[in-house]
$ cat upload29.cif   # mmCIF, C-alpha atoms and all ligand atoms
data_target
loop_
_atom_site.label_atom_id
_atom_site.label_comp_id
_atom_site.auth_asym_id
_atom_site.auth_seq_id
_atom_site.Cartn_x
_atom_site.Cartn_y
_atom_site.Cartn_z
CA MET S 289 -17.31 -1.79 -19.42
CA GLN S 290 -20.42 0.18 -20.12
CA LEU S 291 -20.91 1.83 -23.43
CA ASN S 292 -23.57 4.43 -23.94
CA PHE S 293 -23.64 5.17 -27.65
CA ALA S 294 -26.18 7.99 -27.40
CA ALA S 295 -24.07 9.86 -24.90
CA ARG S 296 -20.84 8.63 -26.54
CA GLU S 297 -19.65 7.58 -23.16
CA LEU S 298 -17.43 4.70 -22.16
CA ALA S 299 -17.37 3.76 -18.47
CA ILE S 300 -14.61 1.55 -17.10
CA LYS S 301 -14.50 0.10 -13.62
CA LEU S 302 -11.16 -0.43 -11.90
CA VAL S 303 -10.79 -2.07 -8.51
CA TYR S 304 -8.03 -2.05 -5.89
CA TYR S 305 -8.21 -5.42 -4.17
CA GLY S 306 -6.10 -6.93 -1.39
CA PRO S 307 -5.86 -7.83 2.28
CA ALA S 308 -6.90 -5.43 5.03
CA LEU S 309 -4.44 -2.58 5.65
CA SER S 310 -2.25 -3.24 2.62
CA GLY S 311 -2.69 0.37 1.47
CA LYS S 312 -5.60 0.36 -0.99
CA THR S 313 -7.24 3.48 0.39
CA THR S 314 -3.81 5.12 0.62
CA ASN S 315 -3.29 4.41 -3.10
CA LEU S 316 -6.56 6.09 -3.96
CA ARG S 317 -5.83 9.09 -1.76
CA SER S 318 -2.44 9.47 -3.34
CA LEU S 319 -3.87 9.07 -6.82
CA HIS S 320 -6.39 11.77 -6.01
CA ASP S 321 -3.65 14.09 -4.69
CA GLN S 322 -1.30 13.47 -7.59
CA ILE S 323 -3.79 13.91 -10.41
CA GLY S 324 -5.31 16.99 -8.83
CA GLY S 325 -7.99 18.54 -11.01
CA GLY S 326 -7.98 15.53 -13.34
CA CYS S 327 -10.44 13.68 -11.15
CA GLY S 328 -13.58 14.23 -9.17
CA ARG S 329 -14.09 14.05 -5.45
CA LEU S 330 -12.73 11.05 -3.60
CA MET S 331 -15.45 9.44 -1.56
CA THR S 332 -14.36 7.30 1.33
CA LEU S 333 -16.39 5.78 4.08
CA GLU S 334 -14.35 4.72 7.05
CA THR S 335 -14.90 3.85 10.66
CA LYS S 336 -13.27 5.89 13.41
CA ASP S 337 -10.17 3.71 13.33
CA ASP S 338 -9.60 4.40 9.63
CA ARG S 339 -10.77 1.01 8.42
CA THR S 340 -12.68 1.01 5.19
CA LEU S 341 -16.26 0.25 6.12
CA PHE S 342 -17.84 0.06 2.71
CA PHE S 343 -15.67 1.11 -0.19
CA ASP S 344 -13.88 4.13 -1.62
CA VAL S 345 -14.50 5.49 -5.06
CA LEU S 346 -12.64 8.02 -7.18
CA PRO S 347 -14.27 9.18 -10.42
CA VAL S 348 -12.10 10.32 -13.33
CA SER S 349 -14.01 11.65 -16.31
CA PHE S 350 -13.00 13.56 -19.41
CA ARG S 351 -13.51 14.00 -23.17
CA MET S 352 -10.97 12.04 -25.14
CA GLY S 353 -10.69 14.71 -27.83
CA GLY S 354 -10.07 14.06 -31.49
CA GLU S 355 -12.79 12.92 -33.81
CA SER S 356 -14.29 10.38 -31.46
CA GLY S 357 -15.94 12.92 -29.16
CA LEU S 358 -15.84 10.10 -26.66
CA ASN S 359 -16.31 10.75 -22.98
CA LEU S 360 -14.24 8.38 -20.84
CA ARG S 361 -15.37 7.69 -17.31
CA LEU S 362 -13.07 5.75 -15.05
CA LYS S 363 -14.51 4.66 -11.75
CA VAL S 364 -11.78 3.59 -9.37
CA TYR S 365 -12.83 1.58 -6.32
CA THR S 366 -11.19 -0.03 -3.33
CA VAL S 367 -12.66 -2.99 -1.51
CA PRO S 368 -12.75 -3.33 2.27
CA GLY S 369 -10.12 -5.95 3.06
CA GLN S 370 -11.43 -7.24 6.36
CA VAL S 371 -12.76 -10.77 6.21
CA VAL S 372 -16.21 -9.75 7.51
CA HIS S 373 -16.86 -7.59 4.45
CA ALA S 374 -16.96 -10.44 1.93
CA SER S 375 -20.30 -9.45 0.40
CA THR S 376 -19.19 -5.84 -0.13
CA ARG S 377 -16.07 -7.11 -1.89
CA ARG S 378 -18.17 -9.14 -4.28
CA LEU S 379 -20.43 -6.17 -4.94
CA VAL S 380 -17.47 -3.93 -5.74
CA LEU S 381 -15.82 -6.57 -7.90
CA GLN S 382 -18.95 -7.06 -9.98
CA ALA S 383 -18.35 -6.00 -13.59
CA ALA S 384 -14.79 -4.87 -12.88
CA ASP S 385 -12.71 -4.29 -16.00
CA GLY S 386 -9.35 -4.44 -14.24
CA VAL S 387 -7.84 -5.08 -10.83
CA VAL S 388 -4.79 -3.85 -8.95
CA PHE S 389 -3.94 -6.37 -6.28
CA VAL S 390 -2.25 -4.44 -3.48
CA ALA S 391 -0.03 -6.84 -1.56
CA ASP S 392 1.57 -5.90 1.75
CA SER S 393 5.35 -6.34 1.64
CA GLN S 394 5.64 -7.10 5.34
CA LEU S 395 6.78 -10.64 6.04
CA SER S 396 4.02 -10.98 8.63
CA GLU S 397 1.46 -10.44 5.85
CA VAL S 398 2.50 -13.21 3.48
CA GLU S 399 -0.42 -15.40 4.51
CA ASN S 400 -2.93 -12.55 4.42
CA ASN S 401 -1.84 -11.67 0.90
CA ALA S 402 -2.30 -15.26 -0.19
CA ALA S 403 -5.71 -15.50 1.46
CA ALA S 404 -6.85 -12.27 -0.20
CA PHE S 405 -5.67 -13.52 -3.57
CA LEU S 406 -7.59 -16.76 -3.12
CA ASP S 407 -10.60 -14.67 -2.11
CA LEU S 408 -10.26 -12.66 -5.34
CA ARG S 409 -10.00 -15.83 -7.36
CA ALA S 410 -13.02 -17.41 -5.64
CA ASN S 411 -15.16 -14.31 -6.07
CA LEU S 412 -14.32 -14.04 -9.75
CA LYS S 413 -15.08 -17.69 -10.24
CA GLN S 414 -18.45 -17.24 -8.61
CA MET S 415 -19.14 -14.55 -11.22
CA GLY S 416 -18.18 -16.89 -14.01
CA ARG S 417 -14.87 -15.13 -14.54
CA SER S 418 -11.27 -16.00 -13.80
CA VAL S 419 -8.12 -14.24 -12.59
CA ARG S 420 -6.40 -15.35 -15.76
CA ASP S 421 -8.82 -13.40 -17.94
CA MET S 422 -8.92 -10.37 -15.70
CA PRO S 423 -6.58 -7.50 -16.53
CA LEU S 424 -4.43 -7.55 -13.42
CA VAL S 425 -1.50 -5.68 -11.93
CA ILE S 426 0.19 -6.69 -8.70
CA GLN S 427 1.53 -3.97 -6.47
CA PHE S 428 3.91 -4.74 -3.62
CA ASN S 429 3.23 -1.84 -1.32
CA LYS S 430 5.06 -0.79 1.86
CA ARG S 431 8.49 -1.38 0.34
CA ASP S 432 9.74 1.04 3.03
CA VAL S 433 8.97 -1.08 6.08
CA PRO S 434 11.94 -2.60 7.88
CA GLY S 435 12.00 -6.35 7.41
CA ALA S 436 9.90 -6.24 4.25
CA ARG S 437 10.09 -9.11 1.80
CA SER S 438 13.36 -8.84 -0.03
CA ASP S 439 13.68 -7.37 -3.49
CA GLU S 440 14.86 -10.78 -4.69
CA ASP S 441 11.69 -12.36 -3.34
CA VAL S 442 9.50 -9.84 -5.14
CA GLN S 443 11.51 -10.20 -8.35
CA GLU S 444 11.15 -13.95 -8.18
CA LEU S 445 7.37 -13.59 -7.92
CA ALA S 446 7.39 -11.14 -10.82
CA ARG S 447 9.32 -13.60 -12.95
CA LYS S 448 6.88 -16.40 -12.20
CA GLY S 449 3.70 -14.52 -13.11
CA ALA S 450 2.62 -13.01 -16.41
CA GLU S 451 1.09 -9.86 -14.95
CA PRO S 452 3.00 -6.63 -14.37
CA VAL S 453 4.36 -6.22 -10.83
CA TYR S 454 5.03 -2.81 -9.31
CA ALA S 455 6.85 -1.76 -6.14
CA ALA S 456 5.29 1.05 -4.14
CA VAL S 457 5.42 3.16 -1.03
CA ALA S 458 1.89 4.49 -1.28
CA VAL S 459 2.18 6.68 1.83
CA ARG S 460 4.84 8.64 -0.03
CA GLY S 461 3.02 8.46 -3.35
CA GLU S 462 5.75 6.31 -4.89
CA GLY S 463 4.73 3.72 -7.43
CA VAL S 464 1.09 4.79 -7.25
CA ILE S 465 0.85 6.46 -10.66
CA PRO S 466 2.89 3.77 -12.47
CA SER S 467 0.71 1.01 -10.97
CA PHE S 468 -2.42 2.87 -12.07
CA PHE S 469 -1.16 3.32 -15.61
CA GLY S 470 0.09 -0.25 -15.67
CA LEU S 471 -3.48 -1.27 -14.96
CA LEU S 472 -4.92 1.09 -17.56
CA ASP S 473 -2.51 -0.34 -20.10
CA VAL S 474 -3.55 -3.97 -19.59
CA THR S 475 -7.21 -2.97 -19.30
CA PHE S 476 -7.35 -0.99 -22.57
CA ARG S 477 -5.56 -3.83 -24.34
CA ARG S 478 -8.12 -6.31 -23.10
CA LEU S 479 -11.04 -4.10 -24.05
CA GLU S 480 -9.54 -3.84 -27.52
CA VAL S 481 -9.56 -7.62 -27.85
CA GLU S 482 -13.04 -8.02 -26.40
CA HIS S 483 -14.82 -4.95 -27.71
CA LYS S 484 -12.74 -3.69 -30.64
CA LEU S 485 -12.21 -0.20 -29.29
CA SER S 486 -10.17 0.98 -32.25
CA GLU S 487 -12.83 -0.08 -34.75
CA ARG S 488 -15.53 1.65 -32.79
CA PHE S 489 -13.73 4.85 -31.89
CA GLY S 490 -10.73 5.07 -34.19
CA MET S 491 -8.38 5.00 -31.22
CA THR S 492 -5.87 2.30 -30.35
CA PRO S 493 -5.32 1.16 -26.75
CA ARG S 494 -2.14 3.25 -26.86
CA ASP S 495 -4.16 6.33 -27.86
CA PHE S 496 -6.47 5.72 -24.92
CA LEU S 497 -3.51 5.44 -22.58
CA GLU S 498 -1.73 8.52 -23.89
CA ARG S 499 -4.83 10.68 -23.83
CA THR S 500 -5.61 9.60 -20.29
CA ALA S 501 -2.03 10.38 -19.28
CA THR S 502 -2.24 13.81 -20.90
CA HIS S 503 -5.54 14.54 -19.20
CA LEU S 504 -4.07 13.58 -15.85
CA GLY S 505 -0.99 15.73 -16.35
CA TRP S 506 1.48 13.10 -17.58
CA GLY S 507 1.82 14.05 -21.23
CA GLY S 508 4.55 12.48 -23.27
CA LYS S 509 6.51 9.43 -22.37
CA VAL S 510 3.95 6.86 -21.31
CA ASP S 511 6.49 4.05 -21.70
CA GLU S 512 8.77 5.66 -19.14
CA LEU S 513 5.85 5.98 -16.77
CA LEU S 514 4.93 2.32 -17.24
CA ALA S 515 8.54 1.27 -16.60
CA LYS S 516 8.95 3.25 -13.39
CA CYS S 517 8.77 1.10 -10.24
CA ARG S 518 8.04 -1.93 -12.41
CA VAL S 519 9.59 -5.06 -11.00
CA SER S 520 11.29 -7.38 -13.41
CA GLY S 521 14.62 -9.15 -13.43
CA ALA S 522 16.12 -5.78 -12.50
CA PRO S 523 16.31 -4.57 -8.89
CA ALA S 524 12.93 -3.71 -7.40
CA SER S 525 13.67 -0.09 -6.73
CA VAL S 526 11.15 2.63 -6.12
CA ASP S 527 11.83 5.76 -8.08
CA ALA S 528 10.72 8.82 -6.17
CA SER S 529 10.96 11.05 -9.23
CA VAL S 530 7.57 9.84 -10.48
CA ARG S 531 5.97 11.27 -7.40
CA ARG S 532 4.55 14.74 -7.59
CA ALA S 533 4.68 17.02 -4.64
CA PRO S 534 1.23 16.91 -3.06
N1 LIG Z 1 4.95 2.13 5.99
C1 LIG Z 1 3.96 2.22 5.11
N2 LIG Z 1 2.69 2.30 5.54
C2 LIG Z 1 1.72 2.37 4.61
C3 LIG Z 1 1.98 2.40 3.23
N3 LIG Z 1 0.81 2.48 2.56
C4 LIG Z 1 -0.16 2.52 3.50
N4 LIG Z 1 0.38 2.47 4.75
C5 LIG Z 1 -0.32 2.51 6.04
O1 LIG Z 1 -1.03 1.29 6.22
C6 LIG Z 1 -2.24 1.53 6.92
C7 LIG Z 1 -3.41 0.97 6.14
O2 LIG Z 1 -3.56 1.72 4.94
P1 LIG Z 1 -4.97 1.76 4.17
O3 LIG Z 1 -4.73 2.49 2.91
O4 LIG Z 1 -6.04 2.28 5.07
O5 LIG Z 1 -5.19 0.22 3.89
P2 LIG Z 1 -6.43 -0.53 3.20
O6 LIG Z 1 -7.10 -1.29 4.29
O7 LIG Z 1 -5.80 -1.43 2.20
O8 LIG Z 1 -7.32 0.49 2.58
C8 LIG Z 1 -2.32 3.04 7.14
O9 LIG Z 1 -1.86 3.32 8.43
C9 LIG Z 1 -1.38 3.59 6.09
O10 LIG Z 1 -0.82 4.82 6.46
C10 LIG Z 1 3.36 2.32 2.80
O11 LIG Z 1 3.70 2.32 1.62
N5 LIG Z 1 4.29 2.21 3.79
MG MG Z 2 -9.30 0.86 2.83
#
$ encode --input "upload29.cif" --output "structure tokens" --more "lines below"
Ligand SMILES: Nc1nc2c(ncn2[C@@H]2O[C@H](COP(=O)(O)OP(=O)(O)O)[C@@H](O)[C@H]2O)c(=O)[nH]1
Ligand SMILES: [Mg+2]
Amino acid sequence: MQLNFAARELAIKLVYYGPALSGKTTNLRSLHDQIGGGCGRLMTLETKDDRTLFFDVLPVSFRMGGESGLNLRLKVYTVPGQVVHASTRRLVLQAADGVVFVADSQLSEVENNAAAFLDLRANLKQMGRSVRDMPLVIQFNKRDVPGARSDEDVQELARKGAEPVYAAVAVRGEGVIPSFFGLLDVTFRRLEVEHKLSERFGMTPRDFLERTATHLGWGGKVDELLAKCRVSGAPASVDASVRRAP
């Protein structure tokens, strides 16, 4: 988090992490398409075969309104998943305020997911941080692929961990917005604990979340949004109604 008191600006860095080809760039593209004018230009840098070469970044910036006059700047990044890009991943992860871990639901990717998670853990540790203290959301993407990990399997994992787990089909835009708001929710809550946002700006984490949702075109029922596509003891279904037509 970067706070510029003179400019009354709060900058928050969010990172989509995960193995190569799990759908991180697809999430950001879909986010960009679904929030339309609510964000700036999506910058991606890919090789000819669509692999992320460096990183992608989507800026979302707006005035929070109310008495605070606060300008909120969200900078949403993806890391390149390929093993060779380890140093770029560390660079992108530096000073992150929250992470969405995009896991690939394909059975063939179980080991790659695990390796990427260990990589996340190791990189955080190297920065003197830990996964436990990092606001984190897990997204199981590619729920549409035949032979994906079963819903029961995903539910079991969701039950074991403390962090929110979301199901997604990012290519169809499903689960993308709920995962993003799930991350914002845990991130604002953490910033409240660490930096006393409500004392400084007179806005609770919930106010931050609701104003961001309103700015991005999802006014109203933030709780419903957070519950959509969320995996718990209930079946891990993906609700297409959250998706906006591109
Ligand atoms: N079937 C399916 N394919 C997906 C989904 N999300 C992404 N993909 C595909 O997976 C490939 C890798 O996606 P990309 O976003 O570039 O992965 P990244 O390496 O994590 O950035 C692309 O061909 C996407 O179209 C999904 O939900 N279902
Ligand atoms: Mg990518």
$ closest_residue --input "upload29.cif" --among "S:Arg437, S:Arg378, S:His373, S:Arg494" --to "Lys413 in chain S" --atoms "all atoms listed in the file"
S:Arg378
$ closest_atom_pairs --input "upload29.cif" --of "chain S" --to "ligand LIG 1 (chain Z)" --cutoff "8 Å" --atoms "all atoms listed in the file" --output "Markdown table"
| residue | atom | partner | partner_atom | distance |
| --- | --- | --- | --- | --- |
| S:Tyr305 | CA | Z:LIG1 | O7 | 7.9 |
| S:Gly306 | CA | Z:LIG1 | O7 | 6.6 |
| S:Pro307 | CA | Z:LIG1 | O7 | 6.4 |
| S:Ala308 | CA | Z:LIG1 | O6 | 4.2 |
| S:Leu309 | CA | Z:LIG1 | O6 | 3.3 |
| S:Ser310 | CA | Z:LIG1 | O7 | 4.0 |
| S:Gly311 | CA | Z:LIG1 | O3 | 3.3 |
| S:Lys312 | CA | Z:LIG1 | O7 | 3.7 |
| S:Thr313 | CA | Z:LIG1 | O3 | 3.7 |
| S:Thr314 | CA | Z:LIG1 | O3 | 3.6 |
| S:Asn315 | CA | Z:LIG1 | O3 | 6.5 |
| S:Leu316 | CA | Z:LIG1 | O3 | 8.0 |
| S:Asp338 | CA | Z:LIG1 | O4 | 6.2 |
| S:Arg339 | CA | Z:LIG1 | O4 | 5.9 |
| S:Thr340 | CA | Z:LIG1 | O8 | 6.0 |
| S:Thr366 | CA | Z:LIG1 | O8 | 7.1 |
| S:Val367 | CA | Z:LIG1 | O8 | 7.6 |
| S:Pro368 | CA | Z:LIG1 | O6 | 6.3 |
| S:Gly369 | CA | Z:LIG1 | O6 | 5.7 |
| S:Gln370 | CA | Z:LIG1 | O6 | 7.6 |
| S:Val390 | CA | Z:LIG1 | O7 | 7.3 |
| S:Asn429 | CA | Z:LIG1 | O11 | 5.1 |
| S:Lys430 | CA | Z:LIG1 | O11 | 3.4 |
| S:Arg431 | CA | Z:LIG1 | O11 | 6.2 |
| S:Asp432 | CA | Z:LIG1 | N5 | 5.6 |
| S:Val433 | CA | Z:LIG1 | N1 | 5.1 |
| S:Ala456 | CA | Z:LIG1 | O11 | 6.1 |
| S:Val457 | CA | Z:LIG1 | O11 | 3.3 |
| S:Ala458 | CA | Z:LIG1 | O11 | 4.0 |
| S:Val459 | CA | Z:LIG1 | N3 | 4.5 |
| S:Arg460 | CA | Z:LIG1 | O11 | 6.6 |
| S:Gly461 | CA | Z:LIG1 | O11 | 7.9 |
| S:Glu462 | CA | Z:LIG1 | O11 | 7.9 |
$ residues_around --input "upload29.cif" --residues "Thr376 in chain S" --least-positions-apart "4" --cutoff "10 Å" --atoms "only C-alpha atoms" --output "PyMOL selection string"
chain S and resi 341-343+367-369+372+380-382
$ closest_residue --input "upload29.cif" --among "S:Arg488, S:Arg317, S:Arg329, S:Arg478" --to "ligand MG 2 (chain Z)" --atoms "all atoms listed in the file"
S:Arg317
$ closest_residue --input "upload29.cif" --among "S:Pro423, S:Gly505, S:Gly435, S:Gly449" --to "Ile465 in chain S" --atoms "only C-alpha atoms"
S:Gly505
$ closest_residue --input "upload29.cif" --among "S:Lys301, S:Lys509, S:Arg377, S:Arg296" --to "Pro347 in chain S" --atoms "all atoms listed in the file"
S:Lys301
$ axis_aligned_box --input "upload29.cif" --around "range 438-457 of chain S" --padding-each-side "4 Å" --output "JSON"
{"center_x": 8.0, "center_y": -6.6, "center_z": -8.2, "size_x": 21.8, "size_y": 27.6, "size_z": 24.4}
$ residues_near_point --input "upload29.cif" --point "(0.7, 7.6, -27.2)" --cutoff "12 Å" --atoms "all atoms listed in the file" --output "list of chain:residue names"
S:Asp473, S:Met491, S:Thr492, S:Pro493, S:Arg494, S:Asp495, S:Phe496, S:Leu497, S:Glu498, S:Arg499, S:Thr500, S:Ala501, S:Thr502, S:Trp506, S:Gly507, S:Gly508, S:Lys509, S:Val510, S:Asp511, S:Glu512, S:Leu513
$ closest_residue --input "upload29.cif" --among "S:Asp344, S:Glu487, S:Glu397, S:Asp385" --to "Thr475 in chain S" --atoms "all atoms listed in the file"
S:Asp385
$ atom_distance --input "upload29.cif" --atom1 "CA of Leu471 in chain S" --atom2 "CA of His483 in chain S"
17.5 Å
$ closest_residue --input "upload29.cif" --among "S:Leu412, S:Leu395, S:Val345, S:Ala450" --to "ligand MG 2 (chain Z)" --atoms "only C-alpha atoms and all ligand atoms"
S:Val345
$ atom_distance --input "upload29.cif" --atom1 "CA of Leu379 in chain S" --atom2 "CA of Gly470 in chain S"
23.9 Å
$ atom_distance --input "upload29.cif" --atom1 "CA of Ser396 in chain S" --atom2 "CA of His320 in chain S"
29.0 Å
$ residues_near_point --input "upload29.cif" --point "(-6.1, -8.8, -5.0)" --cutoff "9 Å" --atoms "all atoms listed in the file" --output "PyMOL selection string"
chain S and resi 303-307+387-391+401-402+404-409+424-426
